[in-house]
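All remarks here apply to the structure that follows.
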Amino acid sequence: MASSERSALLTYRLCGGSAEEERGRERGRAAAAASRKLPTFLGVVVPTLLSMFSVVLFLRLGFVVGHAGLYQALAMFAVAYFIIGMTVLSVCAIATNGALDAGGAYYMISRALGPEFGGSIGIMFFLANVCGSALYVLGLVEAVVDSFGIPPGQEAGTGIHVLPQSYWYELLYGTVLLALCLLVCLVGASIYAKATFLIFLIVAVVLGTILVSFFATRPLKVPIRLSSSNGTETDNGSFTGFSLSTLRDNLGGQYSTDYTTGQMMSFSSVFAVMFNGCTGIMAGSNMSGDLKRPSYSIPRGTISAVLFTYLVYNLLAFLMCATCNRTLLQKDYGFLRDISIFPPLVTVGIYAATLSAAMSNLIGASRILYALARDDLFGRALALAKKTSASGNPVMAVILSWLVVQVVLFSGKLNTIASVVTTFFLLVYATVNLACLALEWASAPNFRPTFRYFTWHTCLLGIAGCCVMMFLISPVSASASLGFLLLLLLALHYLSPSSTWGYISQALIFHQVRKYLLMLDVRKDHVKFWRPQMLLMVQNPRGSARLIDFVNDLKKSGLYVLGHVELQDLDMLPSDPLQPQQESWLSLVDKLNVKAFVSLTLAPSVRHGVRQLLFTSGLGGMRPNTLVLGFYDDEAPQDGLARHPAFTSAREEVPLCFPPLRAPNAPKLLSAREYVGIVADALKMLRNVLLARQLESLDKAWELRRAASPPPTIHVWPVNLLRPDSARYADTCSLFLLQMACVLNMARAWRRARLRLFLCVEAGTMPHAQEEKLRQLLKDLRIQAQIQLVPWDAVTRLHWQTCQGSPGGPAEEEEEEEGIVNFPTNTTQVSDEYVCAANKLVLEQSPAPTVRFLYLPRPPADSSLYPLYLHQLELLTRGLGPTVLVHGVSAVTSTQL
């Protein structure tokens, strides 16, 4: 098997190298395998459960139920779990579609949607985890101060209430607790998993104790102390035990002021706090780099944890509404401790759950930051985060994440940052659903996840739910987050290096283009919607840079193909020589900033190669209808790439593998007879033909941007100068020539130019009548051009002096009516002297234009006359500067609406 036939997978498995390289790869694989130690339960279920319980379960569930009531609380849970349920299905689909590495949701999104979306969402997810970690630390501080803080209004503590309460003291407590999380995360994922398992056991026991307490605790009054601007206020909450009256009182919503922030609560603000209990669904995914089998563990572990937490939340909400009055629920965040049969255990559970959630978010943020740094999307900005310990733990990423969490702690209150955290997580979830939706809609054969319980409908519902809830919770936070995401997208699009992950946009574009190409029916073409579809043949781009740019202006949003013929025989070659060249041609298109495709072919001759490209280029209704060739003359080719601004402004040398230009005296690859034969072939195939001469001398930037008066002009000669006896202005070819000049003038770079149309008139005719008819034609065609009358009796006299016999005839007149003007059968009808006079006539029209458009007659039917035909075209265009010879065979203009 040839090496070029090896797939990426085969290369990864089979390609050999030196012994040292092989040993290095083995060591890398062994280290990666050694770092993946966590099973499903410890790596996914436990972190997800603890992250979802955390603050909300022990400190905010009563707050949610107290303000919203049972009905609205259950509705909140249903909405929240519907959103995360749709997201979990998308996560499971992506996670089971291939091997996962470190980075969790970031890794999934970046490999699905490409580096721009991946990098920007990676930053957003990093910030979400950072803010989430700060939120849980603040919740833990709140619990600690509630248990051990000096009551408001007292100067000295009594008993266990010894901790001072103020903004700075609480910031200090948060810093100490965060430092404890940092120490655990610095040791590594293994110790984190063991710590979280121990915490999970504690939380499970505490949860069981709380459930028992609702049944075992007798009714009691709970004193509540509240601090306000007027001092300390006291209120009493009641635990009534199971009471139908209590349940009825708690069924409806009753929103009031939050006693910690002083803000009036609403459905959206309460939902924002509650939703933080649902944002832990990615805790297991974030550990993807540490799981033994991430594709197996993430779906099973995440779904199990989500279903369990949903049941627990609903059960606890019902028990709280049936046993606690609204005052207790709204004004005492720690009431579960007050009603517990063993209060110290609840306190330990609160501390353990919130501490675990803070650690989970901190380690998740560090893994995302490490993955971002390793992918080099942000260059040197994240270079420090790449450093790891000997065991593979990204210690610098952990430290950097800790620093950012420490900054967020300055916000001071849990409810203050709850809406920001919720917005960030909702945005990430929406993007996960978008990634899955894009993969599903792209219909790529390699998207075949083993998890099949999703459809594009679930993805779409997840996106809609996330976006709606983002703006319901906080329109300001949602708008700011989307704006920040857009800035990151633009920055990464323009600044990040290209990746090898694949771009979902390409798959989606392919899918849609194929569908629309099938809908593009050539049988429904209409002249009103005609547009040029150009095939430009390029022998060597080094000598055709400005011609390529000129044709790009001439295509008018139509198809543009750069064609090239390589004179080789595939039977005599070991492999296709065109494949290595493709990259250089595509780089050329990018550098010149032209909207063109590239089509290369092998052929025994240039003529056969052009035929192949005319037959095969394009697809469906998008096929070239116009062939563009450079002119065949003896001028020495000049290296246009060396002078082109796109290459001269580059810091590095041009990395294009094009051969050097042909030496002035070197033989050409194409004979004059073959060149004219290409023109004849194209016309037989009903393709329009453009021959471009001296376009490499056209400095478009200087010509069109110079502040000169009068403005630059485009000269148009819609008459067959080589056939003065059949001069017509309304045949198919003349109208096509007019259309091409008009199309060029419509291009953005050429709008300053003015069209000048030359009307050749003879004595004895009615020039003003001809001019009026031509002016009316231009008006009907909506072409703005200045008409200039040019007497050419002196030129035509040279023709008639050498003419032998009558040039006309019935057959010839019929051809003219059809727009087909043949080159004279008897070549003595057009002498070199006449052609030189016609050339001089064109040259004398001043001021000199930027470019000229001339009528291109058909080649003679007799191929032996091809050299004479080409010789006379050379005489006609000699010294004219940038000139385009045009022959059209298709109707392209319409006067209809």
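By convention here, the chains of the structure tokens are called A, B, ... in the order presented, each chain's residues are numbered starting at 1, and ligands are numbered starting at 1 in the order presented.
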
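Across stretch 435-556 of chain A, DSSP run on the backbone finds strand (DSSP E or B) at Met534, Leu535, Leu536 and Met537 of chain A.
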
Residue subset to file, keeping C-alpha atoms, as a PDB file, in the first residue's frame:
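Everything below was put into part.pdb:
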```pdb
ATOM      1  CA  MET A 534     -15.710  32.418 -16.281  1.00  0.00           C
ATOM      2  CA  LEU A 535     -13.066  29.790 -16.935  1.00  0.00           C
ATOM      3  CA  LEU A 536      -9.685  31.527 -17.014  1.00  0.00           C
ATOM      4  CA  MET A 537      -6.875  29.364 -18.359  1.00  0.00           C
TER       5      MET A 537
END
```

- Task: Write out as a VMD selection string each polymer residue whose atoms come within 8 Å of stretch 204-215 of chain A, counting only C-alpha atoms; drop sequence neighbours fewer than 6 positions from it.
- Result: chain A and resid 241 to 242 316 319 323 336 339 to 342 345 to 346 349

- Residue list (helix (DSSP H, G or I), DSSP) for stretch 591-794 of chain A, as number ranges by chain: A: 591-592, 606-616, 640-643, 645-648, 672-684, 695-697, 700-705, 724-726, 732-746, 748-750, 767-780, 793-794

- Message: I'd like the neighbourhood of A:Pro859 as a VMD selection string, where a residue qualifies if any of its atoms comes within 9 Å (using only C-alpha atoms), though same-chain residues fewer than 5 positions away should be ignored.
- Response: chain A and resid 676 to 677 679 to 680 822 to 823 865 to 866 869 to 870

Write out as a short mmCIF file (atom, residue, chain, number, x, y, z; two decimals) with C-alpha atoms, in the first residue's frame which residues come within 12 Å of A:His871 when counting only C-alpha atoms, dropping same-chain ones fewer than 2 positions away.
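Final file, out35.cif:
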```
data_model
loop_
_atom_site.label_atom_id
_atom_site.label_comp_id
_atom_site.auth_asym_id
_atom_site.auth_seq_id
_atom_site.Cartn_x
_atom_site.Cartn_y
_atom_site.Cartn_z
CA PHE A 631 -3.09 36.64 -25.70
CA TYR A 632 -0.67 34.66 -27.84
CA ASP A 633 2.26 36.92 -28.71
CA ASP A 634 6.04 37.08 -28.43
CA ALA A 672 -0.28 29.37 -32.72
CA ARG A 673 -2.42 26.81 -34.54
CA VAL A 676 -6.63 29.39 -32.30
CA THR A 827 -7.87 36.45 -46.73
CA VAL A 830 -8.40 42.11 -45.19
CA SER A 831 -4.83 43.19 -45.75
CA ASP A 832 -2.21 43.94 -43.12
CA VAL A 835 -5.54 46.11 -40.10
CA CYS A 836 -2.73 48.52 -39.21
CA PRO A 859 -11.66 31.95 -36.46
CA LEU A 865 -5.53 30.03 -41.93
CA TYR A 866 -5.21 30.00 -38.11
CA PRO A 867 -1.71 31.59 -38.09
CA LEU A 868 -2.88 34.40 -40.42
CA TYR A 869 -5.94 34.99 -38.20
CA LEU A 873 -5.39 39.97 -34.30
CA GLU A 874 -1.88 40.82 -33.11
CA LEU A 875 -1.64 43.70 -35.59
CA LEU A 876 -5.08 44.97 -34.58
CA THR A 877 -4.23 45.14 -30.87
CA ARG A 878 -0.55 46.11 -31.12
#
```

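The nearest approach to A:Val398 among the residues A:Leu186, A:Asp569, A:Tyr259, A:Met274, with only C-alpha atoms taken into account, belongs to A:Leu186.
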
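Among the candidate residues A:Asp146, A:Arg218, A:Val65, A:Arg514, the one lying nearest to A:Leu315 is A:Val65, with distances computed using only C-alpha atoms.
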
- Taking into account only C-alpha atoms, which residue in the set A:Val88, A:Leu744, A:Val405, A:Val610 is nearest to A:Ala682?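 Using only C-alpha atoms, the shortest distance to A:Ala682 belongs to A:Val610.
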
- Which residue of A:Gly280, A:Pro344, A:Pro532, A:Gly139 approaches A:Ile417 most closely, using only C-alpha atoms: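 Closest candidate: A:Gly139.
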
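In this model, the gap between atom CA of A:Ile123 and atom CA of A:Phe471 comes to 20.5 Å.
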